[in-house]
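Shown below: structure_23.cif, with mmCIF, C-alpha atoms and all ligand atoms.
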data_data
#
loop_
_atom_site.group_PDB
_atom_site.id
_atom_site.type_symbol
_atom_site.label_atom_id
_atom_site.label_comp_id
_atom_site.auth_asym_id
_atom_site.auth_seq_id
_atom_site.Cartn_x
_atom_site.Cartn_y
_atom_site.Cartn_z
ATOM 1 C CA MET A 1435 1.764 -4.403 -5.177
ATOM 2 C CA LYS A 1436 1.235 -8.174 -5.319
ATOM 3 C CA ILE A 1437 -2.442 -9.066 -5.065
ATOM 4 C CA LYS A 1438 -3.375 -12.476 -3.657
ATOM 5 C CA GLU A 1439 -5.741 -14.101 -6.158
ATOM 6 C CA LYS A 1440 -7.956 -17.129 -5.740
ATOM 7 C CA VAL A 1441 -10.747 -18.665 -7.812
ATOM 8 C CA ILE A 1442 -13.796 -19.552 -5.732
ATOM 9 C CA GLU A 1443 -16.989 -21.439 -6.600
ATOM 10 C CA VAL A 1444 -20.297 -19.659 -5.991
ATOM 11 C CA LYS A 1445 -23.883 -20.889 -6.315
ATOM 12 C CA ASP A 1446 -25.251 -17.867 -8.153
ATOM 13 C CA TYR A 1447 -23.953 -14.572 -9.537
ATOM 14 C CA LEU A 1448 -27.196 -12.788 -8.751
ATOM 15 C CA THR A 1449 -27.802 -11.174 -5.370
ATOM 16 C CA LYS A 1450 -31.043 -9.497 -4.389
ATOM 17 C CA SER A 1451 -30.243 -5.817 -4.131
ATOM 18 C CA ASN A 1452 -30.796 -3.354 -1.326
ATOM 19 C CA LEU A 1453 -29.796 -0.433 -3.499
ATOM 20 C CA PRO A 1454 -32.424 2.227 -4.064
ATOM 21 C CA ALA A 1455 -32.406 1.846 -7.849
ATOM 22 C CA SER A 1456 -31.862 -1.823 -8.679
ATOM 23 C CA ASP A 1457 -33.482 -5.207 -8.095
ATOM 24 C CA TYR A 1458 -30.332 -7.332 -8.346
ATOM 25 C CA VAL A 1459 -26.602 -6.769 -8.058
ATOM 26 C CA ILE A 1460 -23.832 -8.823 -9.576
ATOM 27 C CA ASN A 1461 -20.379 -8.717 -8.018
ATOM 28 C CA PRO A 1462 -18.143 -10.948 -10.148
ATOM 29 C CA TYR A 1463 -15.258 -10.594 -7.671
ATOM 30 C CA ILE A 1464 -14.717 -10.307 -3.935
ATOM 31 C CA GLY A 1465 -12.177 -7.627 -3.107
ATOM 32 C CA CYS A 1466 -10.948 -4.826 -5.300
ATOM 33 C CA PRO A 1467 -7.378 -3.997 -6.337
ATOM 34 C CA HIS A 1468 -8.332 -0.352 -6.798
ATOM 35 C CA ALA A 1469 -7.975 -0.108 -3.023
ATOM 36 C CA CYS A 1470 -9.713 3.247 -2.691
ATOM 37 C CA LYS A 1471 -8.891 4.725 0.701
ATOM 38 C CA TYR A 1472 -12.539 5.658 1.235
ATOM 39 C CA CYS A 1473 -13.994 2.304 0.169
ATOM 40 C CA TYR A 1474 -16.740 1.189 2.476
ATOM 41 C CA ALA A 1475 -17.034 -2.127 0.647
ATOM 42 C CA CYS A 1476 -14.077 -3.142 2.844
ATOM 43 C CA PHE A 1477 -16.687 -4.482 5.323
ATOM 44 C CA MET A 1478 -16.758 -7.448 2.898
ATOM 45 C CA LYS A 1479 -13.613 -8.722 4.621
ATOM 46 C CA ARG A 1480 -15.714 -9.591 7.672
ATOM 47 C CA PHE A 1481 -18.185 -11.631 5.629
ATOM 48 C CA THR A 1482 -15.658 -13.511 3.557
ATOM 49 C CA GLY A 1483 -13.031 -14.421 6.151
ATOM 50 C CA HIS A 1484 -10.283 -12.302 4.624
ATOM 51 C CA LEU A 1485 -7.711 -11.014 7.095
ATOM 52 C CA GLU A 1486 -5.578 -9.273 4.474
ATOM 53 C CA GLU A 1487 -5.689 -5.543 3.969
ATOM 54 C CA TRP A 1488 -8.466 -4.338 1.622
ATOM 55 C CA GLY A 1489 -7.078 -4.006 -1.889
ATOM 56 C CA THR A 1490 -4.490 -6.783 -1.499
ATOM 57 C CA PHE A 1491 -6.680 -9.795 -2.310
ATOM 58 C CA ILE A 1492 -9.157 -10.778 -4.979
ATOM 59 C CA ASP A 1493 -11.452 -13.792 -5.185
ATOM 60 C CA ILE A 1494 -12.550 -14.585 -8.709
ATOM 61 C CA LYS A 1495 -16.055 -16.010 -8.671
ATOM 62 C CA ARG A 1496 -16.809 -19.061 -10.768
ATOM 63 C CA CYS A 1497 -20.373 -20.232 -11.166
ATOM 64 C CA ASP A 1498 -21.242 -23.233 -13.313
ATOM 65 C CA LYS A 1499 -24.989 -22.683 -12.954
ATOM 66 C CA PRO A 1500 -26.328 -20.435 -15.724
ATOM 67 C CA ILE A 1501 -28.002 -17.194 -14.660
ATOM 68 C CA ASN A 1502 -31.765 -17.584 -14.304
ATOM 69 C CA LEU A 1503 -32.852 -15.340 -17.150
ATOM 70 C CA ASN A 1504 -36.549 -15.497 -16.229
ATOM 71 C CA LYS A 1505 -35.758 -14.067 -12.827
ATOM 72 C CA ILE A 1506 -34.241 -10.898 -14.277
ATOM 73 C CA GLN A 1507 -36.859 -10.297 -16.961
ATOM 74 C CA ASN A 1508 -38.050 -6.657 -16.673
ATOM 75 C CA LYS A 1509 -35.810 -6.124 -13.617
ATOM 76 C CA SER A 1510 -32.893 -3.782 -13.028
ATOM 77 C CA ILE A 1511 -29.397 -5.112 -12.428
ATOM 78 C CA PHE A 1512 -26.339 -3.263 -11.174
ATOM 79 C CA LEU A 1513 -22.671 -4.217 -11.603
ATOM 80 C CA SER A 1514 -21.069 -3.831 -9.140
ATOM 81 C CA SER A 1515 -21.685 -2.691 -5.591
ATOM 82 C CA VAL A 1516 -18.717 -4.080 -3.636
ATOM 83 C CA THR A 1517 -16.017 -4.503 -6.265
ATOM 84 C CA ASP A 1518 -15.131 -2.969 -9.616
ATOM 85 C CA CYS A 1519 -16.314 -5.427 -12.271
ATOM 86 C CA TYR A 1520 -13.630 -4.090 -14.655
ATOM 87 C CA ASN A 1521 -10.719 -4.315 -12.228
ATOM 88 C CA CYS A 1522 -7.429 -5.487 -13.772
ATOM 89 C CA PHE A 1523 -8.161 -9.196 -13.062
ATOM 90 C CA GLU A 1524 -11.073 -8.978 -15.471
ATOM 91 C CA GLU A 1525 -8.505 -8.780 -18.251
ATOM 92 C CA LYS A 1526 -7.372 -12.310 -17.454
ATOM 93 C CA TYR A 1527 -10.555 -13.991 -16.130
ATOM 94 C CA GLN A 1528 -13.296 -12.202 -18.113
ATOM 95 C CA VAL A 1529 -15.951 -13.048 -15.510
ATOM 96 C CA THR A 1530 -17.859 -9.809 -16.151
ATOM 97 C CA LYS A 1531 -17.749 -10.288 -19.896
ATOM 98 C CA LYS A 1532 -19.085 -13.848 -19.646
ATOM 99 C CA ILE A 1533 -21.897 -12.698 -17.357
ATOM 100 C CA LEU A 1534 -22.854 -9.910 -19.771
ATOM 101 C CA GLU A 1535 -22.838 -12.391 -22.650
ATOM 102 C CA GLN A 1536 -25.368 -14.506 -20.739
ATOM 103 C CA ILE A 1537 -27.806 -11.666 -20.131
ATOM 104 C CA VAL A 1538 -27.413 -9.604 -23.289
ATOM 105 C CA ASP A 1539 -30.703 -10.713 -24.861
ATOM 106 C CA VAL A 1540 -32.854 -10.386 -21.734
ATOM 107 C CA LYS A 1541 -35.326 -7.521 -21.475
ATOM 108 C CA CYS A 1542 -33.979 -5.825 -18.356
ATOM 109 C CA SER A 1543 -32.182 -2.615 -17.453
ATOM 110 C CA ILE A 1544 -28.480 -2.757 -16.685
ATOM 111 C CA GLY A 1545 -26.251 -0.311 -14.838
ATOM 112 C CA ILE A 1546 -22.485 -0.743 -14.890
ATOM 113 C CA SER A 1547 -20.214 1.379 -12.747
ATOM 114 C CA THR A 1548 -16.436 1.368 -12.989
ATOM 115 C CA LYS A 1549 -13.257 3.379 -12.578
ATOM 116 C CA SER A 1550 -11.473 1.396 -15.269
ATOM 117 C CA LYS A 1551 -10.804 1.983 -18.940
ATOM 118 C CA LEU A 1552 -10.910 -1.804 -19.403
ATOM 119 C CA ILE A 1553 -14.645 -1.450 -20.040
ATOM 120 C CA LEU A 1554 -13.739 -0.300 -23.570
ATOM 121 C CA ARG A 1555 -12.666 -3.869 -24.351
ATOM 122 C CA ASP A 1556 -16.355 -4.870 -24.270
ATOM 123 C CA ILE A 1557 -17.764 -1.978 -26.235
ATOM 124 C CA ASP A 1558 -19.182 -4.165 -29.029
ATOM 125 C CA LEU A 1559 -20.972 -6.317 -26.492
ATOM 126 C CA LEU A 1560 -22.263 -3.300 -24.542
ATOM 127 C CA LYS A 1561 -23.715 -1.839 -27.725
ATOM 128 C CA LYS A 1562 -26.009 -4.863 -28.018
ATOM 129 C CA PHE A 1563 -27.889 -4.034 -24.802
ATOM 130 C CA ASN A 1564 -31.193 -2.206 -25.178
ATOM 131 C CA ASP A 1565 -31.331 -0.540 -21.809
ATOM 132 C CA LEU A 1566 -27.866 0.160 -20.431
ATOM 133 C CA LYS A 1567 -26.264 2.985 -18.497
ATOM 134 C CA VAL A 1568 -22.509 3.004 -18.033
ATOM 135 C CA SER A 1569 -21.149 5.129 -15.247
ATOM 136 C CA ILE A 1570 -17.562 6.149 -14.647
ATOM 137 C CA SER A 1571 -16.657 7.441 -11.186
ATOM 138 C CA ILE A 1572 -14.754 10.705 -11.093
ATOM 139 C CA ASN A 1573 -14.545 12.978 -8.063
ATOM 140 C CA THR A 1574 -11.570 15.132 -9.035
ATOM 141 C CA LEU A 1575 -9.633 16.421 -12.045
ATOM 142 C CA ASP A 1576 -6.418 16.397 -10.029
ATOM 143 C CA GLU A 1577 -4.332 13.295 -10.812
ATOM 144 C CA ASN A 1578 -2.274 13.748 -7.637
ATOM 145 C CA PHE A 1579 -5.339 13.622 -5.424
ATOM 146 C CA LYS A 1580 -6.620 10.634 -7.413
ATOM 147 C CA ASN A 1581 -3.282 8.841 -6.994
ATOM 148 C CA ASP A 1582 -3.413 9.461 -3.265
ATOM 149 C CA MET A 1583 -6.871 7.897 -3.144
ATOM 150 C CA ASP A 1584 -6.910 4.872 -5.484
ATOM 151 C CA ASN A 1585 -5.047 2.553 -7.860
ATOM 152 C CA ALA A 1586 -7.661 2.697 -10.610
ATOM 153 C CA SER A 1587 -7.318 4.256 -14.100
ATOM 154 C CA SER A 1588 -6.021 7.815 -14.304
ATOM 155 C CA ILE A 1589 -8.535 10.665 -14.496
ATOM 156 C CA ASN A 1590 -7.457 11.327 -18.048
ATOM 157 C CA ASP A 1591 -8.137 7.698 -18.997
ATOM 158 C CA ARG A 1592 -11.544 7.821 -17.322
ATOM 159 C CA LEU A 1593 -12.451 10.998 -19.231
ATOM 160 C CA CYS A 1594 -11.302 9.433 -22.523
ATOM 161 C CA THR A 1595 -13.309 6.314 -21.675
ATOM 162 C CA LEU A 1596 -16.479 8.338 -21.105
ATOM 163 C CA LYS A 1597 -15.898 10.187 -24.360
ATOM 164 C CA GLU A 1598 -15.373 6.978 -26.313
ATOM 165 C CA LEU A 1599 -18.434 5.300 -24.805
ATOM 166 C CA HIS A 1600 -20.473 8.348 -25.745
ATOM 167 C CA ASN A 1601 -19.036 8.467 -29.269
ATOM 168 C CA GLN A 1602 -20.002 4.835 -29.699
ATOM 169 C CA GLY A 1603 -23.613 5.675 -28.857
ATOM 170 C CA LEU A 1604 -23.746 4.393 -25.271
ATOM 171 C CA TYR A 1605 -25.596 6.224 -22.508
ATOM 172 C CA THR A 1606 -22.959 7.715 -20.206
ATOM 173 C CA VAL A 1607 -23.150 8.679 -16.560
ATOM 174 C CA LEU A 1608 -20.477 10.500 -14.625
ATOM 175 C CA PHE A 1609 -20.790 9.295 -11.063
ATOM 176 C CA MET A 1610 -19.317 12.036 -8.890
ATOM 177 C CA SER A 1611 -18.543 9.885 -5.913
ATOM 178 C CA PRO A 1612 -17.555 10.317 -3.267
ATOM 179 C CA ILE A 1613 -17.645 14.090 -3.150
ATOM 180 C CA PHE A 1614 -14.887 15.333 -0.842
ATOM 181 C CA PRO A 1615 -15.868 18.557 0.950
ATOM 182 C CA TYR A 1616 -14.023 21.595 -0.463
ATOM 183 C CA ILE A 1617 -11.899 19.347 -2.727
ATOM 184 C CA THR A 1618 -14.355 18.021 -5.337
ATOM 185 C CA ASP A 1619 -15.141 20.844 -7.749
ATOM 186 C CA PHE A 1620 -18.494 19.692 -9.125
ATOM 187 C CA LYS A 1621 -18.870 22.630 -11.536
ATOM 188 C CA GLY A 1622 -15.351 22.213 -12.940
ATOM 189 C CA ILE A 1623 -15.994 18.509 -13.595
ATOM 190 C CA ILE A 1624 -19.347 19.171 -15.272
ATOM 191 C CA GLU A 1625 -17.955 21.980 -17.431
ATOM 192 C CA LYS A 1626 -15.162 19.728 -18.648
ATOM 193 C CA THR A 1627 -17.376 16.759 -19.456
ATOM 194 C CA ASN A 1628 -20.903 17.854 -20.321
ATOM 195 C CA THR A 1629 -20.463 17.416 -24.082
ATOM 196 C CA TYR A 1630 -20.103 13.650 -23.679
ATOM 197 C CA VAL A 1631 -21.934 12.875 -20.436
ATOM 198 C CA ASP A 1632 -25.683 12.187 -20.540
ATOM 199 C CA GLU A 1633 -26.343 12.220 -16.830
ATOM 200 C CA TYR A 1634 -24.597 12.983 -13.535
ATOM 201 C CA TRP A 1635 -24.997 11.185 -10.236
ATOM 202 C CA PHE A 1636 -23.770 12.733 -7.003
ATOM 203 C CA GLU A 1637 -22.862 11.044 -3.755
ATOM 204 C CA ASN A 1638 -21.309 12.574 -0.665
ATOM 205 C CA LEU A 1639 -18.319 11.181 1.219
ATOM 206 C CA ASN A 1640 -19.395 9.134 4.219
ATOM 207 C CA LEU A 1641 -16.782 8.302 6.789
ATOM 208 C CA ARG A 1642 -17.119 5.449 9.195
ATOM 209 C CA GLY A 1643 -15.154 2.435 10.427
ATOM 210 C CA ASN A 1644 -11.386 2.227 10.112
ATOM 211 C CA TYR A 1645 -11.074 4.396 7.040
ATOM 212 C CA LYS A 1646 -12.574 7.431 8.806
ATOM 213 C CA GLN A 1647 -9.319 8.035 10.664
ATOM 214 C CA THR A 1648 -7.263 7.287 7.529
ATOM 215 C CA ILE A 1649 -9.047 10.010 5.580
ATOM 216 C CA LEU A 1650 -8.971 12.515 8.436
ATOM 217 C CA ASP A 1651 -5.237 11.930 8.921
ATOM 218 C CA TYR A 1652 -4.720 12.415 5.182
ATOM 219 C CA ILE A 1653 -6.611 15.727 5.228
ATOM 220 C CA LYS A 1654 -4.604 16.894 8.234
ATOM 221 C CA VAL A 1655 -1.334 16.301 6.401
ATOM 222 C CA LYS A 1656 -2.231 17.203 2.793
ATOM 223 C CA TYR A 1657 -4.954 19.827 3.274
ATOM 224 C CA PRO A 1658 -4.307 21.267 6.760
ATOM 225 C CA ASN A 1659 -6.335 24.396 5.951
ATOM 226 C CA LEU A 1660 -9.430 22.189 5.455
ATOM 227 C CA TYR A 1661 -9.057 20.149 8.591
ATOM 228 C CA SER A 1662 -11.284 22.331 10.770
ATOM 229 C CA GLU A 1663 -14.087 21.978 8.179
ATOM 230 C CA TYR A 1664 -13.698 18.177 8.109
ATOM 231 C CA ASP A 1665 -13.719 18.228 11.895
ATOM 232 C CA LYS A 1666 -17.081 20.045 11.846
ATOM 233 C CA ILE A 1667 -18.583 17.631 9.316
ATOM 234 C CA TYR A 1668 -17.157 14.288 10.419
ATOM 235 C CA LEU A 1669 -16.384 14.685 14.109
ATOM 236 C CA LYS A 1670 -19.040 17.162 15.199
ATOM 237 C CA GLY A 1671 -21.693 15.855 12.786
ATOM 238 C CA ILE A 1672 -22.731 19.277 11.438
ATOM 239 C CA LYS A 1673 -24.705 18.678 8.231
ATOM 240 C CA MET A 1674 -24.976 22.232 6.929
ATOM 241 C CA TYR A 1675 -22.200 21.785 4.352
ATOM 242 C CA TRP A 1676 -24.080 18.932 2.640
ATOM 243 C CA GLU A 1677 -27.417 20.720 2.774
ATOM 244 C CA ASN A 1678 -25.932 23.810 1.109
ATOM 245 C CA LEU A 1679 -23.995 21.809 -1.469
ATOM 246 C CA SER A 1680 -27.014 19.700 -2.285
ATOM 247 C CA ARG A 1681 -29.044 22.850 -3.000
ATOM 248 C CA GLU A 1682 -26.194 24.358 -5.012
ATOM 249 C CA ILE A 1683 -25.878 21.237 -7.186
ATOM 250 C CA GLU A 1684 -29.612 21.034 -7.776
ATOM 251 C CA ASN A 1685 -29.866 24.725 -8.715
ATOM 252 C CA TYR A 1686 -26.865 24.498 -11.015
ATOM 253 C CA CYS A 1687 -28.147 21.387 -12.790
ATOM 254 C CA LYS A 1688 -31.627 22.821 -13.235
ATOM 255 C CA GLN A 1689 -30.316 26.140 -14.577
ATOM 256 C CA ASN A 1690 -28.033 24.365 -17.041
ATOM 257 C CA ASN A 1691 -30.491 21.641 -18.092
ATOM 258 C CA ILE A 1692 -28.294 18.898 -16.732
ATOM 259 C CA LYS A 1693 -29.866 15.553 -16.034
ATOM 260 C CA TYR A 1694 -28.850 14.357 -12.586
ATOM 261 C CA ILE A 1695 -29.650 12.210 -9.579
ATOM 262 C CA ASN A 1696 -28.665 13.328 -6.136
ATOM 263 C CA TYR A 1697 -27.731 10.347 -3.962
ATOM 264 C CA PHE A 1698 -26.678 12.478 -1.015
ATOM 265 C CA TYR A 1699 -29.300 10.832 1.111
ATOM 266 C CA HIS A 1700 -28.526 7.447 -0.307
ATOM 267 C CA GLU A 1701 -27.685 6.066 3.138
ATOM 268 C CA GLN A 1702 -31.153 6.810 4.420
ATOM 269 C CA LEU A 1703 -32.675 5.383 1.240
ATOM 270 C CA VAL A 1704 -30.770 2.185 1.756
ATOM 271 C CA LYS A 1705 -31.635 2.001 5.440
ATOM 272 C CA ALA A 1706 -35.249 2.476 4.583
ATOM 273 C CA ARG A 1707 -35.094 -0.404 2.154
ATOM 274 C CA LEU A 1708 -33.186 -2.903 4.279
ATOM 275 C CA LYS A 1709 -30.642 -2.920 7.041
ATOM 276 C CA ASN A 1710 -27.885 -4.779 5.194
ATOM 277 C CA HIS A 1711 -24.754 -3.167 3.835
ATOM 278 C CA PHE A 1712 -24.849 -3.501 0.089
ATOM 279 C CA LEU A 1713 -23.788 -0.052 -0.916
ATOM 280 C CA PHE A 1714 -23.253 1.745 -4.087
ATOM 281 C CA PHE A 1715 -19.914 2.686 -5.381
ATOM 282 C CA ALA A 1716 -17.418 0.883 -7.456
HETATM 283 S S1 LIG B 1 -13.414 0.866 -6.991
HETATM 284 FE FE1 LIG B 1 -15.204 0.790 -5.670
HETATM 285 S S2 LIG B 1 -15.157 -1.256 -4.736
HETATM 286 FE FE2 LIG B 1 -13.141 -0.876 -5.609
HETATM 287 S S3 LIG B 1 -11.948 -0.120 -3.880
HETATM 288 FE FE3 LIG B 1 -12.771 1.657 -5.022
HETATM 289 S S4 LIG B 1 -14.692 2.171 -3.991
HETATM 290 FE FE4 LIG B 1 -14.104 0.092 -3.347
#
So that I can check it, write out the structure of this file as structure tokens.
Ligand code: SF4
Amino acid sequence: MKIKEKVIEVKDYLTKSNLPASDYVINPYIGCPHACKYCYACFMKRFTGHLEEWGTFIDIKRCDKPINLNKIQNKSIFLSSVTDCYNCFEEKYQVTKKILEQIVDVKCSIGISTKSKLILRDIDLLKKFNDLKVSISINTLDENFKNDMDNASSINDRLCTLKELHNQGLYTVLFMSPIFPYITDFKGIIEKTNTYVDEYWFENLNLRGNYKQTILDYIKVKYPNLYSEYDKIYLKGIKMYWENLSREIENYCKQNNIKYINYFYHEQLVKARLKNHFLFFA
């Protein structure tokens, strides 16, 4: 699919964060060619005047002002909350790489989240950071389901990327997000990856806005036997599934000595912090 690309000037790469676990976020791009069907960053269209469908445009941010390194001293920074900083346009523009080169010597903690194997290009640079966690999002081992949901790297490539990052001595996180009820097999994913993953993060699937109907229609067609369960969760608002799964994940991780963070209640955490919309996944 042809993606409409445009270079735009911005005043600063840093944005104050409303995420529960970071002080600043950096989104080097507006838009995301991964076009995940469940992406709630698509609200960005409203704020940036884009009328095109989410996933069909990308604005490449250019900022001539250097990042204020004093401002981020001893702070935590997350890339990225409303785009994937290693989307395919990064290959050509290298905005993420240039940002990382600016901040590499600063004493701060960095989190990078991506669904792209392109992150391996920067492995030598990443190794220079003192306090860095790299997370790769994986919510299925089924390539067909993945292909139905996004245009990002294949599951196999993401697993190989995690393995390579780990082998190179980087701290790896598998971000299981978003967890699809009765489709995401959290134990299967952990069993396949726990030799090269240092930590797991979990986030449940939230459905709202236009994409709610898209996902429900998809489930009706592709997983008709699950539709009544999705109806209970997303149309009737019954929370029992998440409460049970949350307990199951926590018990499993504790019993198997797996380091994890449960972001199931991330929405409430964010609301408690501020009412804006800067959310978590890339
Ligand atoms: S990778 Fe992240 S930001 Fe990009 S479309 Fe998917 S969920 Fe949205």
Please report, as lines of an AutoDock Vina configuration file, the centre and edge lengths in Å to one decimal of an axis-aligned box covering all listed atoms of ligand LIG 1 (chain B) with 5 Å per side.
center_x = -13.6
center_y = 0.5
center_z = -5.2
size_x = 13.3
size_y = 13.4
size_z = 13.6
Here's the selection I'm unsure about, the PyMOL selection byres (((chain A and resi 1436) around 10) and not hetatm); applied to the file above, which residues does it give, as an MDAnalysis selection string? chainID A and resid 1435 1437:1439 1467 1489:1491
Between chain A and ligand LIG 1 (chain B), at 8 Å or less, what are the per-residue closest atom pairs and their distances in Å? Count only C-alpha atoms and all ligand atoms, order by chain and rising residue number, and return it as JSON lines.
{"residue": "A:Gly1465", "atom": "CA", "partner": "B:LIG1", "partner_atom": "S2", "distance": 7.2}
{"residue": "A:Cys1466", "atom": "CA", "partner": "B:LIG1", "partner_atom": "FE2", "distance": 4.5}
{"residue": "A:Pro1467", "atom": "CA", "partner": "B:LIG1", "partner_atom": "S3", "distance": 6.5}
{"residue": "A:His1468", "atom": "CA", "partner": "B:LIG1", "partner_atom": "S3", "distance": 4.7}
{"residue": "A:Ala1469", "atom": "CA", "partner": "B:LIG1", "partner_atom": "S3", "distance": 4.1}
{"residue": "A:Cys1470", "atom": "CA", "partner": "B:LIG1", "partner_atom": "FE3", "distance": 4.2}
{"residue": "A:Lys1471", "atom": "CA", "partner": "B:LIG1", "partner_atom": "S3", "distance": 7.3}
{"residue": "A:Tyr1472", "atom": "CA", "partner": "B:LIG1", "partner_atom": "S4", "distance": 6.6}
{"residue": "A:Cys1473", "atom": "CA", "partner": "B:LIG1", "partner_atom": "FE4", "distance": 4.2}
{"residue": "A:Tyr1474", "atom": "CA", "partner": "B:LIG1", "partner_atom": "FE4", "distance": 6.5}
{"residue": "A:Ala1475", "atom": "CA", "partner": "B:LIG1", "partner_atom": "FE4", "distance": 5.4}
{"residue": "A:Cys1476", "atom": "CA", "partner": "B:LIG1", "partner_atom": "FE4", "distance": 7.0}
{"residue": "A:Trp1488", "atom": "CA", "partner": "B:LIG1", "partner_atom": "S3", "distance": 7.8}
{"residue": "A:Gly1489", "atom": "CA", "partner": "B:LIG1", "partner_atom": "S3", "distance": 6.5}
{"residue": "A:Ser1514", "atom": "CA", "partner": "B:LIG1", "partner_atom": "S2", "distance": 7.8}
{"residue": "A:Ser1515", "atom": "CA", "partner": "B:LIG1", "partner_atom": "S2", "distance": 6.7}
{"residue": "A:Val1516", "atom": "CA", "partner": "B:LIG1", "partner_atom": "S2", "distance": 4.7}
{"residue": "A:Thr1517", "atom": "CA", "partner": "B:LIG1", "partner_atom": "S2", "distance": 3.7}
{"residue": "A:Asp1518", "atom": "CA", "partner": "B:LIG1", "partner_atom": "FE2", "distance": 4.9}
{"residue": "A:Asn1521", "atom": "CA", "partner": "B:LIG1", "partner_atom": "FE2", "distance": 7.8}
{"residue": "A:Thr1548", "atom": "CA", "partner": "B:LIG1", "partner_atom": "S1", "distance": 6.7}
{"residue": "A:Lys1549", "atom": "CA", "partner": "B:LIG1", "partner_atom": "S1", "distance": 6.1}
{"residue": "A:Asp1584", "atom": "CA", "partner": "B:LIG1", "partner_atom": "FE3", "distance": 6.7}
{"residue": "A:Ala1586", "atom": "CA", "partner": "B:LIG1", "partner_atom": "S1", "distance": 7.0}
{"residue": "A:Phe1715", "atom": "CA", "partner": "B:LIG1", "partner_atom": "FE1", "distance": 5.1}
{"residue": "A:Ala1716", "atom": "CA", "partner": "B:LIG1", "partner_atom": "FE1", "distance": 2.8}
Within 10 Å of segment 1663-1668 of chain A, which residues of segment 1595-1641 of chain A show up? Give each one with its shortest atom-to-atom distance in Å (one decimal) and the two atoms involved, counting all atoms listed in the file, rows by chain then rising residue number, as a tab-separated table.
residue	atom	partner	partner_atom	distance
A:Phe1614	CA	A:Tyr1664	CA	9.5
A:Pro1615	CA	A:Tyr1664	CA	7.5
A:Tyr1616	CA	A:Glu1663	CA	8.7
A:Leu1639	CA	A:Tyr1668	CA	9.8
A:Asn1640	CA	A:Tyr1668	CA	8.4
A:Leu1641	CA	A:Tyr1668	CA	7.0
Let me make sure I understand: among A:Ile1570, A:Cys1594, A:Cys1687, A:Met1583, which one has the smallest atom-to-atom distance to Thr1648 of chain A if we use all atoms listed in the file?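 Answer, going by the shortest atom-to-atom distance: A:Met1583.
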Among the residues A:Ile1617, A:Ser1547, A:Thr1606, A:Leu1679, the one that comes closest to Tyr1661 of chain A [using only C-alpha atoms]: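 The closest residue to Tyr1661 of chain A is A:Ile1617.
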Would you work out the distance separating atom CA of Glu1535 of chain A from atom CA of Thr1449 of chain A, expressed in Å to one decimal? 18.0 Å
